[in-house]
Amino acid sequence: MSDGAGKTVISLATATPGGGFPLYGGVIAETLNGVDPALHIETRNTKGSTENILLLDRGEVDLGLVQGEVAYEAFEGIGRDKTEAKIVAAMYSTAGMFVVRADSAFHSITDLVGQPVAFGARGSGLVLLARYVLDGLNLDMEKHFQAIYLDRAGDGPAMVMDGRAAALWGGGVGWPGFSAVAHGPAGARFIVPDAEEIAQIVEKHPFLRPLTVAGETYRGQEAPLNSVGSWSFIMARPDLPEETGYRLAHALHQAETALPERLPQALETTAINTAAAAPDPELIHRGVYRYLEEIGEVF
């Protein structure tokens, strides 16, 4: 992990170009490299959360960005062996939503049934979030929609703007796909579950949480948007050294003011949220846990 110049080189797996993970990962790498000159974090594009968990389990990357539903299934061993990868930090909460053109005739999830919908890159955690959300409403992505899976997350906005897709699924604050549609010629409108649908989804999948995207988060979006989602994580390979985890946690804590100045959604990347969002304290990397314990954020 050393580059010969005394720096600890750390690989960080993100996702396909044009999505939120590469944007976030780039800002994390640049900021932490500046905060701790002895660290050198290098980002790597991948197919997304599902691949990132596999790369972490095999020790082929040091860190990986993992969307909440993928992390949940990996920790629980759903459809696979339980991962031994550990949490380094809570990234941000991701409220799942659809975006359509502002002049679209679609106003509800039910309106989108039967329509072509771009759900994202097939390996993306956002696709898994969509499956859980729709399943909570007794809907199936393939049966009830003309599901479109993308090779690159960045291809989705153009499909909505030129009419090839009725809607694009995505999530969270500052997501590039939402921003692109919102700044397009027709503008954007967001579609989220209503209160009854949120209750129905959470009842069926309790690990999902009601989340709110504040008003004026995206261009033309004046009112708050209530939906459901989960926390995404920066995760580490199972054998990442304790001292490396400790240094990463310290650098992240030092960067808590600088990160949101470069990327709004990084406002949620805090030691407090890491301690609170981890499903179980034992899932936190031992070096990170030691740092959080020192600053009084875990008990």
# chains A, B, ... in the order shown; residues from 1 in each chain; ligands from 1
>>> residues_around(residues="His40 (chain A)", least_positions_apart="3", cutoff="10 Å", atoms="only C-alpha atoms", output="VMD selection string")
chain A and resid 1 to 3 7 to 11 29 to 30 32 to 34 36 to 37 43
>>> residues_around(residues="His253 (chain A)", least_positions_apart="6", cutoff="9 Å", atoms="only C-alpha atoms", output="PyMOL selection string")
chain A and resi 269-271
>>> residues_around(residues="region 272-289 of chain A", least_positions_apart="5", cutoff="12 Å", atoms="only C-alpha atoms", output="ChimeraX atom specification")
/A:63,68-69,71-76,82-93,207-209,230-253,256,266-267,294-299
>>> atom_distance(atom1="CA of Trp169 (chain A)", atom2="CA of Asp62 (chain A)")
29.2 Å
>>> residues_around(residues="Ile148 (chain A)", least_positions_apart="3", cutoff="12 Å", atoms="only C-alpha atoms", output="JSON, numbers by chain")
{"A": [115, 116, 117, 118, 119, 120, 121, 122, 127, 141, 142, 145, 151, 152, 153, 155, 156, 159, 160, 164, 165, 166, 167, 168, 169]}
>>> write_last_selection(atoms="N, CA and C atoms", output="PDB file, in the first residue's frame")
ATOM      1  N   GLN A 115     -44.787   2.127 -18.863  1.00  0.00           N
ATOM      2  CA  GLN A 115     -43.963   3.087 -19.591  1.00  0.00           C
ATOM      3  C   GLN A 115     -42.473   2.682 -19.581  1.00  0.00           C
ATOM      4  N   PRO A 116     -41.711   3.162 -20.572  1.00  0.00           N
ATOM      5  CA  PRO A 116     -40.266   2.917 -20.549  1.00  0.00           C
ATOM      6  C   PRO A 116     -39.607   3.775 -19.463  1.00  0.00           C
ATOM      7  N   VAL A 117     -38.925   3.122 -18.536  1.00  0.00           N
ATOM      8  CA  VAL A 117     -38.295   3.819 -17.420  1.00  0.00           C
ATOM      9  C   VAL A 117     -36.821   3.412 -17.353  1.00  0.00           C
ATOM     10  N   ALA A 118     -35.941   4.378 -17.304  1.00  0.00           N
ATOM     11  CA  ALA A 118     -34.501   4.113 -17.159  1.00  0.00           C
ATOM     12  C   ALA A 118     -34.215   3.967 -15.667  1.00  0.00           C
ATOM     13  N   PHE A 119     -33.874   2.738 -15.247  1.00  0.00           N
ATOM     14  CA  PHE A 119     -33.650   2.473 -13.831  1.00  0.00           C
ATOM     15  C   PHE A 119     -32.185   2.616 -13.426  1.00  0.00           C
ATOM     16  N   GLY A 120     -31.284   2.791 -14.387  1.00  0.00           N
ATOM     17  CA  GLY A 120     -29.877   2.970 -14.057  1.00  0.00           C
ATOM     18  C   GLY A 120     -29.030   1.821 -14.546  1.00  0.00           C
ATOM     19  N   ALA A 121     -27.748   1.860 -14.182  1.00  0.00           N
ATOM     20  CA  ALA A 121     -26.826   0.789 -14.557  1.00  0.00           C
ATOM     21  C   ALA A 121     -27.192  -0.478 -13.794  1.00  0.00           C
ATOM     22  N   ARG A 122     -27.150  -1.609 -14.479  1.00  0.00           N
ATOM     23  CA  ARG A 122     -27.664  -2.855 -13.894  1.00  0.00           C
ATOM     24  C   ARG A 122     -26.989  -3.207 -12.565  1.00  0.00           C
ATOM     25  N   VAL A 127     -30.643   0.553  -8.582  1.00  0.00           N
ATOM     26  CA  VAL A 127     -31.573  -0.396  -9.208  1.00  0.00           C
ATOM     27  C   VAL A 127     -32.166  -1.312  -8.139  1.00  0.00           C
ATOM     28  N   MET A 141     -40.356  -4.515 -11.602  1.00  0.00           N
ATOM     29  CA  MET A 141     -39.714  -3.653 -12.598  1.00  0.00           C
ATOM     30  C   MET A 141     -39.867  -4.182 -14.020  1.00  0.00           C
ATOM     31  N   GLU A 142     -39.705  -5.495 -14.187  1.00  0.00           N
ATOM     32  CA  GLU A 142     -39.771  -6.063 -15.535  1.00  0.00           C
ATOM     33  C   GLU A 142     -41.208  -6.293 -16.012  1.00  0.00           C
ATOM     34  N   PHE A 145     -43.199  -2.431 -15.959  1.00  0.00           N
ATOM     35  CA  PHE A 145     -42.580  -1.294 -16.647  1.00  0.00           C
ATOM     36  C   PHE A 145     -41.770  -1.820 -17.825  1.00  0.00           C
ATOM     37  N   ASP A 151     -25.693   1.177 -19.665  1.00  0.00           N
ATOM     38  CA  ASP A 151     -24.276   0.834 -19.568  1.00  0.00           C
ATOM     39  C   ASP A 151     -23.531   1.894 -18.763  1.00  0.00           C
ATOM     40  N   ARG A 152     -23.987   3.131 -18.890  1.00  0.00           N
ATOM     41  CA  ARG A 152     -23.408   4.251 -18.159  1.00  0.00           C
ATOM     42  C   ARG A 152     -24.535   5.041 -17.506  1.00  0.00           C
ATOM     43  N   ALA A 153     -24.390   5.320 -16.212  1.00  0.00           N
ATOM     44  CA  ALA A 153     -25.440   6.058 -15.507  1.00  0.00           C
ATOM     45  C   ALA A 153     -25.716   7.404 -16.168  1.00  0.00           C
ATOM     46  N   ASP A 155     -26.047   8.157 -19.147  1.00  0.00           N
ATOM     47  CA  ASP A 155     -26.855   8.106 -20.376  1.00  0.00           C
ATOM     48  C   ASP A 155     -28.338   8.351 -20.110  1.00  0.00           C
ATOM     49  N   GLY A 156     -28.779   8.220 -18.855  1.00  0.00           N
ATOM     50  CA  GLY A 156     -30.198   8.286 -18.544  1.00  0.00           C
ATOM     51  C   GLY A 156     -30.872   9.623 -18.789  1.00  0.00           C
ATOM     52  N   MET A 159     -32.144  10.337 -22.287  1.00  0.00           N
ATOM     53  CA  MET A 159     -33.262   9.499 -22.709  1.00  0.00           C
ATOM     54  C   MET A 159     -34.591  10.094 -22.251  1.00  0.00           C
ATOM     55  N   VAL A 160     -34.593  10.718 -21.088  1.00  0.00           N
ATOM     56  CA  VAL A 160     -35.811  11.386 -20.613  1.00  0.00           C
ATOM     57  C   VAL A 160     -36.058  12.652 -21.418  1.00  0.00           C
ATOM     58  N   ARG A 164     -37.121   9.069 -25.154  1.00  0.00           N
ATOM     59  CA  ARG A 164     -36.942   7.621 -25.232  1.00  0.00           C
ATOM     60  C   ARG A 164     -37.368   6.931 -23.942  1.00  0.00           C
ATOM     61  N   ALA A 165     -37.323   7.650 -22.833  1.00  0.00           N
ATOM     62  CA  ALA A 165     -37.774   7.125 -21.546  1.00  0.00           C
ATOM     63  C   ALA A 165     -38.764   8.107 -20.943  1.00  0.00           C
ATOM     64  N   ALA A 166     -39.794   7.568 -20.326  1.00  0.00           N
ATOM     65  CA  ALA A 166     -40.779   8.440 -19.677  1.00  0.00           C
ATOM     66  C   ALA A 166     -40.228   9.017 -18.387  1.00  0.00           C
ATOM     67  N   ALA A 167     -39.328   8.256 -17.735  1.00  0.00           N
ATOM     68  CA  ALA A 167     -38.817   8.676 -16.432  1.00  0.00           C
ATOM     69  C   ALA A 167     -37.442   8.065 -16.205  1.00  0.00           C
ATOM     70  N   LEU A 168     -36.722   8.689 -15.301  1.00  0.00           N
ATOM     71  CA  LEU A 168     -35.432   8.186 -14.849  1.00  0.00           C
ATOM     72  C   LEU A 168     -35.507   7.996 -13.343  1.00  0.00           C
ATOM     73  N   TRP A 169     -35.068   6.828 -12.866  1.00  0.00           N
ATOM     74  CA  TRP A 169     -35.019   6.561 -11.435  1.00  0.00           C
ATOM     75  C   TRP A 169     -33.644   6.959 -10.898  1.00  0.00           C
TER      76      TRP A 169
END
>>> residues_around(residues="Pro185 (chain A)", least_positions_apart="6", cutoff="12 Å", atoms="only C-alpha atoms", output="mmCIF file with N, CA and C atoms, in the first residue's frame")
data_model
loop_
_atom_site.group_PDB
_atom_site.id
_atom_site.type_symbol
_atom_site.label_atom_id
_atom_site.label_comp_id
_atom_site.auth_asym_id
_atom_site.auth_seq_id
_atom_site.Cartn_x
_atom_site.Cartn_y
_atom_site.Cartn_z
ATOM 1 N N ARG A 101 -39.873 14.854 -17.339
ATOM 2 C CA ARG A 101 -39.864 16.229 -17.849
ATOM 3 C C ARG A 101 -41.009 17.010 -17.216
ATOM 4 N N ALA A 102 -40.797 18.290 -17.014
ATOM 5 C CA ALA A 102 -41.823 19.113 -16.362
ATOM 6 C C ALA A 102 -43.114 19.148 -17.168
ATOM 7 N N ASP A 103 -43.034 18.937 -18.478
ATOM 8 C CA ASP A 103 -44.236 18.946 -19.313
ATOM 9 C C ASP A 103 -44.822 17.542 -19.503
ATOM 10 N N PRO A 157 -30.295 10.746 -18.364
ATOM 11 C CA PRO A 157 -30.987 12.027 -18.539
ATOM 12 C C PRO A 157 -31.371 12.340 -19.982
ATOM 13 N N ALA A 158 -30.488 12.055 -20.908
ATOM 14 C CA ALA A 158 -30.780 12.344 -22.317
ATOM 15 C C ALA A 158 -31.974 11.547 -22.810
ATOM 16 N N VAL A 160 -34.593 10.718 -21.088
ATOM 17 C CA VAL A 160 -35.811 11.386 -20.613
ATOM 18 C C VAL A 160 -36.058 12.652 -21.418
ATOM 19 N N MET A 161 -34.999 13.413 -21.622
ATOM 20 C CA MET A 161 -35.160 14.702 -22.305
ATOM 21 C C MET A 161 -35.584 14.549 -23.762
ATOM 22 N N ASP A 162 -35.158 13.452 -24.429
ATOM 23 C CA ASP A 162 -35.548 13.299 -25.835
ATOM 24 C C ASP A 162 -36.730 12.350 -26.018
ATOM 25 N N ARG A 219 -33.264 22.379 -9.328
ATOM 26 C CA ARG A 219 -33.865 23.489 -10.068
ATOM 27 C C ARG A 219 -35.345 23.209 -10.340
#
>>> select_by_dssp(residues="region 107-177 of chain A", states="strand (DSSP E or B)", output="VMD selection string")
chain A and resid 116 to 121 146 to 150 167 to 171
>>> write_last_selection(atoms="C-alpha atoms", output="compact mmCIF listing (two decimals), in the first residue's frame")
# COMPACT_ATOMS: atom_id res chain seq x y z
CA PRO A 116 -40.27 2.92 -20.55
CA VAL A 117 -38.29 3.82 -17.42
CA ALA A 118 -34.50 4.11 -17.16
CA PHE A 119 -33.65 2.47 -13.83
CA GLY A 120 -29.88 2.97 -14.06
CA ALA A 121 -26.83 0.79 -14.56
CA GLN A 146 -40.53 -1.27 -19.80
CA ALA A 147 -37.33 -1.44 -17.77
CA ILE A 148 -34.24 0.15 -19.33
CA TYR A 149 -30.80 -0.67 -17.88
CA LEU A 150 -27.90 1.56 -18.77
CA ALA A 167 -38.82 8.68 -16.43
CA LEU A 168 -35.43 8.19 -14.85
CA TRP A 169 -35.02 6.56 -11.44
CA GLY A 170 -32.37 7.89 -9.08
CA GLY A 171 -31.87 9.10 -5.57
>>> residues_around(residues="region 14-22 of chain A", least_positions_apart="4", cutoff="7 Å", atoms="only C-alpha atoms", output="ChimeraX atom specification")
/A:26,43-48,64-65,152-154,175-177
>>> atom_distance(atom1="CA of Ala13 (chain A)", atom2="CA of Asn52 (chain A)")
6.2 Å
>>> select_by_dssp(residues="region 3-163 of chain A", states="helix (DSSP H, G or I)", output="ChimeraX atom specification")
/A:20-35,49-57,68-76,109-112,125-136,141-144,153-161
>>> closest_residue(among="A:Val35, A:Leu12, A:Glu203, A:Glu60", to="Ala258 (chain A)", atoms="only C-alpha atoms")
A:Val35
>>> atom_distance(atom1="CA of Gly172 (chain A)", atom2="CA of Val213 (chain A)")
7.2 Å
